[in-house]
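Asks: Below you'll find the structure I mean.
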Number of protein chains: 2
Amino acid sequence: MNIGIFLFDDVEELDAVGPYEVLTWAAGEREGFADVFTMAVTTDPVRCAKGMRIVPDYSLETAPPLDVLIVPGGVGTRELAQNAAVLDYVREQAARCRWVTSVCTGVRVLLAAGPAVGKRVTTHWGAIAEIRSSGLALEVLDDVRFVRDGNVVTAAGVSAGIDMALWLVGELGDPGFARAVQKGIEYFPAPPYSASV
Amino acid sequence: MNIGIFLFDDVEELDAVGPYEVLTWAAGEREGFADVFTMAVTTDPVRCAKGMRIVPDYSLETAPPLDVLIVPGGVGTRELAQNAAVLDYVREQAARCRWVTSVCTGVRVLLAAGPAVGKRVTTHWGAIAEIRSSGLALEVLDDVRFVRDGNVVTAAGVSAGIDMALWLVGELGDPGFARAVQKGIEYFPAPPYSASV
């Protein structure tokens with residue numbers, strides 16, 4: 001099983017690395033579970049939204065065919081969602097994927113390419129109004145960590161990709177395995193200040 | 001204020017990128033809050049524990065003097081904790097830092113270099129016994145997200161670095177600012193399977 005995480009300039013770092021950590025941890029725990037890799041338009045380092053430079057494993061031309069696609073968010077998704085070659089790639093891969101997923105504003109790309117059109121979706125709270133006004137989704141839910149509609153799964157902002165990826169591990173493996181991965185990355189969060197903002 | 005995150009071969013991806021996301025988000029929200037960067041022994045790309053390649057911003061020679069040091073964990077900390085040049089760097093920087101911190105098994109480096117010796121610390125649950133048996137720490141706490149002793153702050157495994165970094169934002173800024181960053185990265189976690197492992 002091939003799980004590909006799409007990288008691009010101005011991808012938000014944790015949007016990509018949260019699911020990467022969860023899924024590579026799963027791959028390390030259970031032999032044969034999955035190959036997890038990153039890909040981008042080229043294999044030149046991408047410069048993420050906050051400045052981190054990551055070297056993609058594959059270009060779109062060399063990436064193995066996908067069973068799971070993850071499109072992270074970030075300000076770079078505005079440009080990405082207008083790149084015809086990228087949209088073609090997403091459309092082609094999505095047609096054969098078991099799961100087509102996004103984190104945060106990565107849903108812009110799934111809407112522009114087609115897979116999320118007419119589906120129930122979510123996104124970062126700051127982009128809910130924009131995605132609603134696009135009229136492309138059937139419904140845009142807020143105050144949820146992720147939404148599944150058919151084989152399209154969209155997560156809320158940034159850190160919500162971790163929750164979605166754990167859910168994927170439960171679907172691709174089983175819930176007990178997802179709990180083992182959760183324990184492996186010690187994901188028993190306790191944000192230190194009360195969340196009253 | 002300079003916040004440096006130490007990268008090295010076999011650093012665990014989320015150990016580094018969790019705090020990086022939190023602290024760069026804070027820097028983006030409030031002008032003049034901090035410069036957040038990564039450094040490694042050289043500026044060659046590091047190959048992280050799960051295979052991601054990240055290009056460090058600075059080498060140890062070119063990195064600006066630090067106010068906050070973050071040493072992530074990962075299997076590479078075993079080797080790092082025996083690298084005399086690295087330990088010298090950590091010792092020198094720690095002497096001038098406002099906060100000296102680690103995530104997960106990064107505490108091995110803070111113990112080998114000195115700053116965490118005789119302190120109350122924590123680490124990944126899988127390394128608690130090892131760190132206790134080293135006898136270098138005053139006490140090794142388990143089942144906590146992070147421990148502060150003086151200006152040394154050590155976090156539990158992998159994802160606990162996110163909680164610790166939010167706490168640092170509250171200390172370096174104020175709690176309301178930390179809550180704004182928490183909302184920015186939409187860190188209201190809801191792991192999808194009950195955590196009974």
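All residue names refer to the structure tokens as shown: chains lettered A, B, ... in order, residues numbered from 1 in each chain, ligands numbered from 1 in order.
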Quick one: residues within 10 Å of Pro56 (chain B), only C-alpha atoms counted, chain neighbours fewer than 3 positions away excluded, as a ChimeraX atom specification?
Replies: /A:52-54 /B:5-8,37-46,53,59
Asks: Tell me, as a list in words, which residues lie within 7 Å of Arg98 (chain B), counting only C-alpha atoms; anything in the same chain fewer than 3 positions away does not count.
Replies: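 Contacts, with the query itself left out: Asp67, Val68 and Asn151 of chain B.
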Asks: Kindly export the residues of the current selection with N, CA and C atoms, as a PDB file, in the first residue's frame.
Replies:
ATOM      1  N   ASP B  67      18.648  31.908  22.698  1.00  0.00           N
ATOM      2  CA  ASP B  67      17.929  32.219  23.941  1.00  0.00           C
ATOM      3  C   ASP B  67      17.098  31.026  24.401  1.00  0.00           C
ATOM      4  N   VAL B  68      16.694  30.221  23.437  1.00  0.00           N
ATOM      5  CA  VAL B  68      15.952  28.995  23.746  1.00  0.00           C
ATOM      6  C   VAL B  68      16.528  27.880  22.873  1.00  0.00           C
ATOM      7  N   ASN B 151      15.455  26.313  34.673  1.00  0.00           N
ATOM      8  CA  ASN B 151      15.210  26.713  33.281  1.00  0.00           C
ATOM      9  C   ASN B 151      15.338  25.530  32.318  1.00  0.00           C
TER      10      ASN B 151
END
Asks: Skipping near chain neighbours, those fewer than 6 positions away, what residues fall within 9 Å of Arg108 (chain A) using only C-alpha atoms, listed as a VMD selection string?
Replies: chain A and resid 73 77 to 78 80 to 81 102 116 123 131
Asks: What's around region 29-36 of chain B at 9 Å? Count only C-alpha atoms, leave out sequence neighbours fewer than 2 positions away in its own chain, and write the answer as a list in words.
Replies: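 My reading of the contact set: Met1, Asn2, Ile3, Gly4, Ile5, Tyr20, Leu23, Thr24, Trp25, Ala26, Ala27, Thr38, Leu172, Gly173, Phe177, Ala180 and Val181 of chain B.
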Asks: Export, as a compact mmCIF listing (two decimals), in the first residue's frame, the selected residues with N, CA and C atoms.
Replies:
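This is the output file selection.txt:
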# COMPACT_ATOMS: atom_id res chain seq x y z
N MET B 1 14.83 37.59 20.13
CA MET B 1 14.96 36.30 20.80
C MET B 1 15.16 35.19 19.78
N ASN B 2 16.21 34.41 19.97
CA ASN B 2 16.55 33.34 19.03
C ASN B 2 16.19 31.97 19.61
N ILE B 3 15.35 31.27 18.88
CA ILE B 3 14.92 29.92 19.28
C ILE B 3 15.46 28.93 18.27
N GLY B 4 16.34 28.04 18.74
CA GLY B 4 16.97 27.09 17.83
C GLY B 4 16.54 25.66 18.11
N ILE B 5 16.17 24.97 17.04
CA ILE B 5 15.78 23.56 17.14
C ILE B 5 16.87 22.73 16.50
N TYR B 20 8.44 23.37 16.26
CA TYR B 20 8.73 24.34 15.19
C TYR B 20 7.44 25.01 14.72
N LEU B 23 6.06 27.43 17.49
CA LEU B 23 6.87 28.63 17.73
C LEU B 23 6.96 29.52 16.49
N THR B 24 6.98 28.94 15.29
CA THR B 24 6.96 29.78 14.09
C THR B 24 5.57 30.40 13.90
N TRP B 25 4.54 29.69 14.31
CA TRP B 25 3.20 30.29 14.23
C TRP B 25 3.16 31.53 15.13
N ALA B 26 3.70 31.38 16.34
CA ALA B 26 3.75 32.52 17.27
C ALA B 26 4.55 33.67 16.66
N ALA B 27 5.69 33.34 16.06
CA ALA B 27 6.54 34.37 15.45
C ALA B 27 5.80 35.09 14.32
N THR B 38 16.33 26.20 12.56
CA THR B 38 16.92 24.88 12.83
C THR B 38 18.42 24.95 12.60
N LEU B 172 7.12 32.97 27.31
CA LEU B 172 7.88 33.98 26.56
C LEU B 172 6.98 35.15 26.17
N GLY B 173 5.70 34.85 25.99
CA GLY B 173 4.72 35.88 25.69
C GLY B 173 3.77 35.97 26.87
N PHE B 177 -1.73 34.76 24.49
CA PHE B 177 -1.05 34.59 23.20
C PHE B 177 -0.90 33.09 22.89
N ALA B 180 -4.06 31.87 21.56
CA ALA B 180 -4.27 32.28 20.17
C ALA B 180 -3.50 31.37 19.21
N VAL B 181 -2.29 31.00 19.60
CA VAL B 181 -1.50 30.09 18.77
C VAL B 181 -2.16 28.71 18.73
Asks: Do me a favour and pick out the residues of chain A within 8 Å of chain B, using only C-alpha atoms, as a PyMOL selection string.
Replies: chain A and resi 13-14+17-18+21+24-25+50+52-57+124-125+145+156-160+163-164+166-167+175-176+178-180+182-197
Asks: Using DSSP secondary structure from the backbone, list all strand (DSSP E) positions within chain B, as a PDB file with N, CA and C atoms, in the first residue's frame.
Replies:
ATOM      1  N   ASN B   2      16.205  34.406  19.971  1.00  0.00           N
ATOM      2  CA  ASN B   2      16.547  33.340  19.032  1.00  0.00           C
ATOM      3  C   ASN B   2      16.185  31.970  19.609  1.00  0.00           C
ATOM      4  N   ILE B   3      15.345  31.265  18.882  1.00  0.00           N
ATOM      5  CA  ILE B   3      14.921  29.924  19.285  1.00  0.00           C
ATOM      6  C   ILE B   3      15.461  28.931  18.265  1.00  0.00           C
ATOM      7  N   GLY B   4      16.344  28.043  18.737  1.00  0.00           N
ATOM      8  CA  GLY B   4      16.974  27.091  17.830  1.00  0.00           C
ATOM      9  C   GLY B   4      16.544  25.664  18.108  1.00  0.00           C
ATOM     10  N   ILE B   5      16.168  24.975  17.043  1.00  0.00           N
ATOM     11  CA  ILE B   5      15.777  23.560  17.140  1.00  0.00           C
ATOM     12  C   ILE B   5      16.873  22.733  16.500  1.00  0.00           C
ATOM     13  N   PHE B   6      17.447  21.827  17.287  1.00  0.00           N
ATOM     14  CA  PHE B   6      18.604  21.043  16.869  1.00  0.00           C
ATOM     15  C   PHE B   6      18.150  19.868  16.005  1.00  0.00           C
ATOM     16  N   ASP B  35      12.943  34.845  16.447  1.00  0.00           N
ATOM     17  CA  ASP B  35      13.422  34.179  15.239  1.00  0.00           C
ATOM     18  C   ASP B  35      13.541  32.699  15.579  1.00  0.00           C
ATOM     19  N   VAL B  36      12.893  31.882  14.792  1.00  0.00           N
ATOM     20  CA  VAL B  36      12.893  30.438  15.048  1.00  0.00           C
ATOM     21  C   VAL B  36      13.599  29.766  13.874  1.00  0.00           C
ATOM     22  N   PHE B  37      14.576  28.939  14.180  1.00  0.00           N
ATOM     23  CA  PHE B  37      15.345  28.310  13.107  1.00  0.00           C
ATOM     24  C   PHE B  37      15.815  26.933  13.542  1.00  0.00           C
ATOM     25  N   THR B  38      16.329  26.203  12.556  1.00  0.00           N
ATOM     26  CA  THR B  38      16.915  24.884  12.827  1.00  0.00           C
ATOM     27  C   THR B  38      18.420  24.953  12.598  1.00  0.00           C
ATOM     28  N   MET B  39      19.135  24.100  13.310  1.00  0.00           N
ATOM     29  CA  MET B  39      20.580  23.991  13.057  1.00  0.00           C
ATOM     30  C   MET B  39      21.006  22.557  13.257  1.00  0.00           C
ATOM     31  N   ALA B  40      22.138  22.233  12.651  1.00  0.00           N
ATOM     32  CA  ALA B  40      22.692  20.883  12.775  1.00  0.00           C
ATOM     33  C   ALA B  40      24.207  21.009  12.686  1.00  0.00           C
ATOM     34  N   VAL B  46      19.513  16.641   6.860  1.00  0.00           N
ATOM     35  CA  VAL B  46      19.512  15.514   7.798  1.00  0.00           C
ATOM     36  C   VAL B  46      18.474  14.505   7.311  1.00  0.00           C
ATOM     37  N   ARG B  47      18.745  13.246   7.599  1.00  0.00           N
ATOM     38  CA  ARG B  47      17.778  12.198   7.274  1.00  0.00           C
ATOM     39  C   ARG B  47      17.122  11.790   8.588  1.00  0.00           C
ATOM     40  N   ARG B  53      13.779  14.098   4.778  1.00  0.00           N
ATOM     41  CA  ARG B  53      15.028  14.863   4.706  1.00  0.00           C
ATOM     42  C   ARG B  53      14.721  16.350   4.858  1.00  0.00           C
ATOM     43  N   ILE B  54      15.348  16.961   5.844  1.00  0.00           N
ATOM     44  CA  ILE B  54      15.134  18.383   6.145  1.00  0.00           C
ATOM     45  C   ILE B  54      16.476  19.105   6.013  1.00  0.00           C
ATOM     46  N   VAL B  55      16.441  20.277   5.391  1.00  0.00           N
ATOM     47  CA  VAL B  55      17.656  21.080   5.222  1.00  0.00           C
ATOM     48  C   VAL B  55      17.765  22.042   6.404  1.00  0.00           C
ATOM     49  N   TYR B  58      21.027  26.452   9.697  1.00  0.00           N
ATOM     50  CA  TYR B  58      22.388  26.838  10.085  1.00  0.00           C
ATOM     51  C   TYR B  58      23.201  25.610  10.481  1.00  0.00           C
ATOM     52  N   SER B  59      24.520  25.763  10.408  1.00  0.00           N
ATOM     53  CA  SER B  59      25.416  24.807  11.066  1.00  0.00           C
ATOM     54  C   SER B  59      25.651  25.308  12.490  1.00  0.00           C
ATOM     55  N   VAL B  68      16.694  30.221  23.437  1.00  0.00           N
ATOM     56  CA  VAL B  68      15.952  28.995  23.746  1.00  0.00           C
ATOM     57  C   VAL B  68      16.528  27.880  22.873  1.00  0.00           C
ATOM     58  N   LEU B  69      16.896  26.778  23.517  1.00  0.00           N
ATOM     59  CA  LEU B  69      17.406  25.602  22.803  1.00  0.00           C
ATOM     60  C   LEU B  69      16.373  24.485  22.922  1.00  0.00           C
ATOM     61  N   ILE B  70      16.072  23.846  21.807  1.00  0.00           N
ATOM     62  CA  ILE B  70      15.173  22.694  21.804  1.00  0.00           C
ATOM     63  C   ILE B  70      15.908  21.517  21.186  1.00  0.00           C
ATOM     64  N   VAL B  71      16.060  20.442  21.960  1.00  0.00           N
ATOM     65  CA  VAL B  71      16.687  19.225  21.447  1.00  0.00           C
ATOM     66  C   VAL B  71      15.609  18.160  21.312  1.00  0.00           C
ATOM     67  N   TRP B  99      15.781  29.346  28.282  1.00  0.00           N
ATOM     68  CA  TRP B  99      15.174  28.017  28.447  1.00  0.00           C
ATOM     69  C   TRP B  99      15.990  26.982  27.686  1.00  0.00           C
ATOM     70  N   VAL B 100      16.246  25.863  28.350  1.00  0.00           N
ATOM     71  CA  VAL B 100      16.966  24.739  27.744  1.00  0.00           C
ATOM     72  C   VAL B 100      16.005  23.561  27.759  1.00  0.00           C
ATOM     73  N   THR B 101      15.636  23.066  26.587  1.00  0.00           N
ATOM     74  CA  THR B 101      14.518  22.118  26.526  1.00  0.00           C
ATOM     75  C   THR B 101      14.827  20.897  25.666  1.00  0.00           C
ATOM     76  N   SER B 102      14.078  19.838  25.938  1.00  0.00           N
ATOM     77  CA  SER B 102      14.170  18.644  25.100  1.00  0.00           C
ATOM     78  C   SER B 102      12.788  18.058  24.910  1.00  0.00           C
ATOM     79  N   VAL B 103      12.662  17.251  23.883  1.00  0.00           N
ATOM     80  CA  VAL B 103      11.454  16.485  23.621  1.00  0.00           C
ATOM     81  C   VAL B 103      11.881  15.019  23.600  1.00  0.00           C
ATOM     82  N   ARG B 120      14.857  17.338  37.822  1.00  0.00           N
ATOM     83  CA  ARG B 120      13.674  16.530  37.554  1.00  0.00           C
ATOM     84  C   ARG B 120      13.385  16.615  36.060  1.00  0.00           C
ATOM     85  N   VAL B 121      13.205  15.466  35.431  1.00  0.00           N
ATOM     86  CA  VAL B 121      13.009  15.440  33.977  1.00  0.00           C
ATOM     87  C   VAL B 121      11.938  14.422  33.611  1.00  0.00           C
ATOM     88  N   GLU B 139      15.212  13.043  39.400  1.00  0.00           N
ATOM     89  CA  GLU B 139      13.972  12.255  39.379  1.00  0.00           C
ATOM     90  C   GLU B 139      13.484  12.198  37.936  1.00  0.00           C
ATOM     91  N   VAL B 140      12.939  11.056  37.534  1.00  0.00           N
ATOM     92  CA  VAL B 140      12.390  10.913  36.192  1.00  0.00           C
ATOM     93  C   VAL B 140      10.895  10.661  36.329  1.00  0.00           C
ATOM     94  N   PHE B 146       5.160  17.376  30.345  1.00  0.00           N
ATOM     95  CA  PHE B 146       6.499  17.980  30.402  1.00  0.00           C
ATOM     96  C   PHE B 146       6.777  18.367  31.831  1.00  0.00           C
ATOM     97  N   VAL B 147       8.056  18.544  32.140  1.00  0.00           N
ATOM     98  CA  VAL B 147       8.500  18.872  33.490  1.00  0.00           C
ATOM     99  C   VAL B 147       9.415  20.080  33.404  1.00  0.00           C
ATOM    100  N   ARG B 148       9.187  21.048  34.281  1.00  0.00           N
ATOM    101  CA  ARG B 148      10.100  22.177  34.375  1.00  0.00           C
ATOM    102  C   ARG B 148      10.880  22.075  35.679  1.00  0.00           C
ATOM    103  N   ASP B 149      12.196  22.220  35.585  1.00  0.00           N
ATOM    104  CA  ASP B 149      13.029  22.313  36.788  1.00  0.00           C
ATOM    105  C   ASP B 149      14.033  23.427  36.519  1.00  0.00           C
ATOM    106  N   VAL B 152      15.291  24.332  32.873  1.00  0.00           N
ATOM    107  CA  VAL B 152      15.334  23.128  32.044  1.00  0.00           C
ATOM    108  C   VAL B 152      13.921  22.547  31.944  1.00  0.00           C
ATOM    109  N   VAL B 153      13.456  22.376  30.723  1.00  0.00           N
ATOM    110  CA  VAL B 153      12.105  21.844  30.493  1.00  0.00           C
ATOM    111  C   VAL B 153      12.225  20.628  29.589  1.00  0.00           C
ATOM    112  N   THR B 154      11.733  19.506  30.052  1.00  0.00           N
ATOM    113  CA  THR B 154      11.822  18.275  29.275  1.00  0.00           C
ATOM    114  C   THR B 154      10.415  17.747  29.030  1.00  0.00           C
ATOM    115  N   ALA B 155      10.161  17.361  27.780  1.00  0.00           N
ATOM    116  CA  ALA B 155       8.825  16.875  27.416  1.00  0.00           C
ATOM    117  C   ALA B 155       8.837  15.365  27.265  1.00  0.00           C
TER     118      ALA B 155
END
Asks: Onto chain A, please fit chain B by least squares using all C-alpha atoms in order, then return the transformed chain as a CSV table (one decimal) with C-alpha atoms, in the first residue's frame.
Replies:
chain,number,residue,atom,x,y,z
B,1,MET,CA,0.0,0.0,0.0
B,2,ASN,CA,1.4,3.4,-1.1
B,3,ILE,CA,0.6,6.4,1.0
B,4,GLY,CA,1.7,9.7,-0.6
B,5,ILE,CA,1.9,13.1,1.1
B,6,PHE,CA,1.9,16.0,-1.4
B,7,LEU,CA,4.5,18.7,-0.7
B,8,PHE,CA,4.6,22.1,-2.3
B,9,ASP,CA,6.0,25.6,-1.6
B,10,ASP,CA,4.2,27.2,1.4
B,11,VAL,CA,2.8,23.9,2.7
B,12,GLU,CA,2.1,24.3,6.4
B,13,GLU,CA,4.8,22.2,8.2
B,14,LEU,CA,2.6,20.3,10.7
B,15,ASP,CA,-0.2,19.7,8.2
B,16,ALA,CA,2.3,17.4,6.4
B,17,VAL,CA,4.5,16.1,9.2
B,18,GLY,CA,1.7,15.2,11.6
B,19,PRO,CA,0.2,12.6,9.3
B,20,TYR,CA,3.7,11.6,8.1
B,21,GLU,CA,4.7,10.8,11.7
B,22,VAL,CA,1.6,8.8,12.4
B,23,LEU,CA,1.7,6.8,9.2
B,24,THR,CA,5.4,6.2,9.2
B,25,TRP,CA,5.2,5.1,12.8
B,26,ALA,CA,2.6,2.6,11.8
B,27,ALA,CA,4.7,1.4,8.9
B,28,GLY,CA,7.6,0.9,11.3
B,29,GLU,CA,5.5,-1.0,13.8
B,30,ARG,CA,4.0,-3.5,11.3
B,31,GLU,CA,6.0,-4.8,8.4
B,32,GLY,CA,4.2,-4.6,5.1
B,33,PHE,CA,1.6,-2.1,6.4
B,34,ALA,CA,2.5,0.6,3.9
B,35,ASP,CA,5.2,2.6,2.1
B,36,VAL,CA,4.8,6.2,3.2
B,37,PHE,CA,6.5,8.9,1.1
B,38,THR,CA,6.4,12.5,0.0
B,39,MET,CA,6.2,13.9,-3.5
B,40,ALA,CA,6.1,17.3,-5.1
B,41,VAL,CA,6.1,18.7,-8.7
B,42,THR,CA,9.9,18.2,-8.7
B,43,THR,CA,12.4,16.8,-6.2
B,44,ASP,CA,13.9,20.2,-5.4
B,45,PRO,CA,13.5,21.1,-1.7
B,46,VAL,CA,10.1,22.7,-1.0
B,47,ARG,CA,10.1,25.8,1.2
B,48,CYS,CA,7.3,25.4,3.7
B,49,ALA,CA,5.0,28.2,4.9
B,50,LYS,CA,7.1,28.8,8.0
B,51,GLY,CA,10.5,28.4,6.3
B,52,MET,CA,11.4,24.8,6.8
B,53,ARG,CA,12.9,23.2,3.7
B,54,ILE,CA,12.0,19.5,3.0
B,55,VAL,CA,13.4,17.4,0.2
B,56,PRO,CA,10.5,15.4,-1.4
B,57,ASP,CA,11.1,11.7,-2.0
B,58,TYR,CA,9.6,11.7,-5.5
B,59,SER,CA,8.4,14.0,-8.3
B,60,LEU,CA,4.9,13.6,-9.7
B,61,GLU,CA,6.5,11.6,-12.5
B,62,THR,CA,8.5,9.2,-10.4
B,63,ALA,CA,6.0,8.7,-7.5
B,64,PRO,CA,4.6,5.2,-7.3
B,65,PRO,CA,0.8,4.9,-7.9
B,66,LEU,CA,-1.1,5.8,-4.8
B,67,ASP,CA,-3.6,4.0,-2.6
B,68,VAL,CA,-3.9,6.9,-0.2
B,69,LEU,CA,-3.4,10.6,-1.1
B,70,ILE,CA,-2.9,13.2,1.5
B,71,VAL,CA,-2.9,16.9,0.5
B,72,PRO,CA,-1.8,19.1,3.4
B,73,GLY,CA,-2.8,22.8,3.7
B,74,GLY,CA,-1.0,26.0,3.8
B,75,VAL,CA,-1.1,29.3,1.9
B,76,GLY,CA,0.5,27.5,-1.0
B,77,THR,CA,-2.7,25.7,-1.7
B,78,ARG,CA,-4.1,28.8,-3.4
B,79,GLU,CA,-1.5,28.5,-6.2
B,80,LEU,CA,-1.5,24.8,-6.2
B,81,ALA,CA,-5.3,24.7,-6.8
B,82,GLN,CA,-4.6,26.6,-10.1
B,83,ASN,CA,-1.8,24.3,-11.4
B,84,ALA,CA,-3.3,22.3,-14.2
B,85,ALA,CA,-0.6,19.6,-14.0
B,86,VAL,CA,-1.1,19.1,-10.3
B,87,LEU,CA,-4.9,18.9,-10.7
B,88,ASP,CA,-4.5,16.3,-13.4
B,89,TYR,CA,-2.3,14.3,-11.1
B,90,VAL,CA,-4.6,14.5,-8.2
B,91,ARG,CA,-7.6,13.6,-10.4
B,92,GLU,CA,-5.8,10.6,-11.9
B,93,GLN,CA,-4.5,9.3,-8.6
B,94,ALA,CA,-7.8,9.9,-6.8
B,95,ALA,CA,-9.6,7.7,-9.3
B,96,ARG,CA,-7.6,4.7,-8.1
B,97,CYS,CA,-7.1,5.6,-4.4
B,98,ARG,CA,-8.8,3.9,-1.5
B,99,TRP,CA,-8.7,7.1,0.5
B,100,VAL,CA,-8.4,10.7,-0.8
B,101,THR,CA,-7.7,13.1,2.0
B,102,SER,CA,-6.7,16.6,2.9
B,103,VAL,CA,-5.7,18.6,5.9
B,104,CYS,CA,-6.7,22.2,6.6
B,105,THR,CA,-6.8,24.2,3.4
B,106,GLY,CA,-5.6,21.2,1.3
B,107,VAL,CA,-9.3,20.8,0.6
B,108,ARG,CA,-9.0,23.6,-1.9
B,109,VAL,CA,-7.0,21.3,-4.1
B,110,LEU,CA,-9.5,18.4,-3.7
B,111,LEU,CA,-12.3,20.7,-4.7
B,112,ALA,CA,-10.4,22.2,-7.7
B,113,ALA,CA,-9.4,18.8,-8.9
B,114,GLY,CA,-12.8,17.3,-8.4
B,115,PRO,CA,-12.8,14.5,-5.8
B,116,ALA,CA,-14.3,16.6,-3.0
B,117,VAL,CA,-16.9,18.3,-5.2
B,118,GLY,CA,-20.4,17.6,-3.9
B,119,LYS,CA,-19.1,16.1,-0.7
B,120,ARG,CA,-19.4,17.0,3.0
B,121,VAL,CA,-16.0,18.4,4.0
B,122,THR,CA,-14.2,20.5,6.6
B,123,THR,CA,-11.2,22.8,6.6
B,124,HIS,CA,-9.3,25.2,8.9
B,125,TRP,CA,-11.8,27.3,10.9
B,126,GLY,CA,-10.4,30.4,9.1
B,127,ALA,CA,-11.3,29.0,5.7
B,128,ILE,CA,-14.8,27.7,6.4
B,129,ALA,CA,-16.5,30.8,5.0
B,130,GLU,CA,-14.4,30.8,1.9
B,131,ILE,CA,-15.1,27.1,1.1
B,132,ARG,CA,-18.8,27.5,1.8
B,133,SER,CA,-19.0,30.4,-0.5
B,134,SER,CA,-17.3,28.5,-3.3
B,135,GLY,CA,-20.5,26.4,-3.5
B,136,LEU,CA,-18.4,23.4,-4.6
B,137,ALA,CA,-19.0,21.2,-1.5
B,138,LEU,CA,-22.3,19.8,-0.4
B,139,GLU,CA,-21.8,21.0,3.1
B,140,VAL,CA,-18.9,22.5,5.0
B,141,LEU,CA,-18.9,21.3,8.7
B,142,ASP,CA,-17.2,23.3,11.4
B,143,ASP,CA,-16.1,22.2,14.9
B,144,VAL,CA,-15.2,18.7,13.8
B,145,ARG,CA,-11.7,17.2,13.6
B,146,PHE,CA,-12.4,15.5,10.3
B,147,VAL,CA,-15.2,14.5,8.0
B,148,ARG,CA,-15.6,11.4,5.9
B,149,ASP,CA,-17.8,11.3,2.9
B,150,GLY,CA,-17.4,8.2,0.8
B,151,ASN,CA,-13.7,7.8,0.3
B,152,VAL,CA,-12.9,11.5,0.7
B,153,VAL,CA,-11.7,12.5,4.2
B,154,THR,CA,-11.0,16.1,5.0
B,155,ALA,CA,-9.5,17.3,8.3
B,156,ALA,CA,-9.8,20.6,10.1
B,157,GLY,CA,-6.8,22.9,10.6
B,158,VAL,CA,-3.1,21.9,11.0
B,159,SER,CA,-3.0,19.6,14.0
B,160,ALA,CA,-6.2,17.9,13.0
B,161,GLY,CA,-4.3,15.9,10.5
B,162,ILE,CA,-2.8,13.9,13.3
B,163,ASP,CA,-6.3,12.8,14.4
B,164,MET,CA,-7.3,12.0,10.8
B,165,ALA,CA,-4.2,10.0,10.2
B,166,LEU,CA,-4.8,7.9,13.4
B,167,TRP,CA,-8.3,7.2,12.1
B,168,LEU,CA,-6.8,6.1,8.8
B,169,VAL,CA,-4.5,3.7,10.6
B,170,GLY,CA,-7.6,2.2,12.3
B,171,GLU,CA,-9.3,1.8,8.9
B,172,LEU,CA,-6.3,0.5,7.0
B,173,GLY,CA,-5.3,-1.7,9.9
B,174,ASP,CA,-7.5,-1.9,12.9
B,175,PRO,CA,-8.4,0.2,15.9
B,176,GLY,CA,-6.1,-1.6,18.3
B,177,PHE,CA,-3.2,-0.9,15.9
B,178,ALA,CA,-4.2,2.8,15.8
B,179,ARG,CA,-4.1,2.9,19.6
B,180,ALA,CA,-0.7,1.3,19.6
B,181,VAL,CA,0.5,4.1,17.2
B,182,GLN,CA,-1.2,6.7,19.4
B,183,LYS,CA,0.8,5.3,22.4
B,184,GLY,CA,4.0,5.2,20.3
B,185,ILE,CA,3.8,8.9,19.6
B,186,GLU,CA,2.5,9.5,23.1
B,187,TYR,CA,-0.5,11.4,21.7
B,188,PHE,CA,-2.4,12.0,24.9
B,189,PRO,CA,-2.5,15.8,24.5
B,190,ALA,CA,-2.8,18.2,27.4
B,191,PRO,CA,-2.6,21.8,26.0
B,192,PRO,CA,-1.2,23.7,28.9
B,193,TYR,CA,-3.6,26.7,28.9
B,194,SER,CA,-7.3,26.5,29.0
B,195,ALA,CA,-8.7,26.7,25.5
B,196,SER,CA,-11.0,29.7,26.0
B,197,VAL,CA,-9.9,31.8,23.0
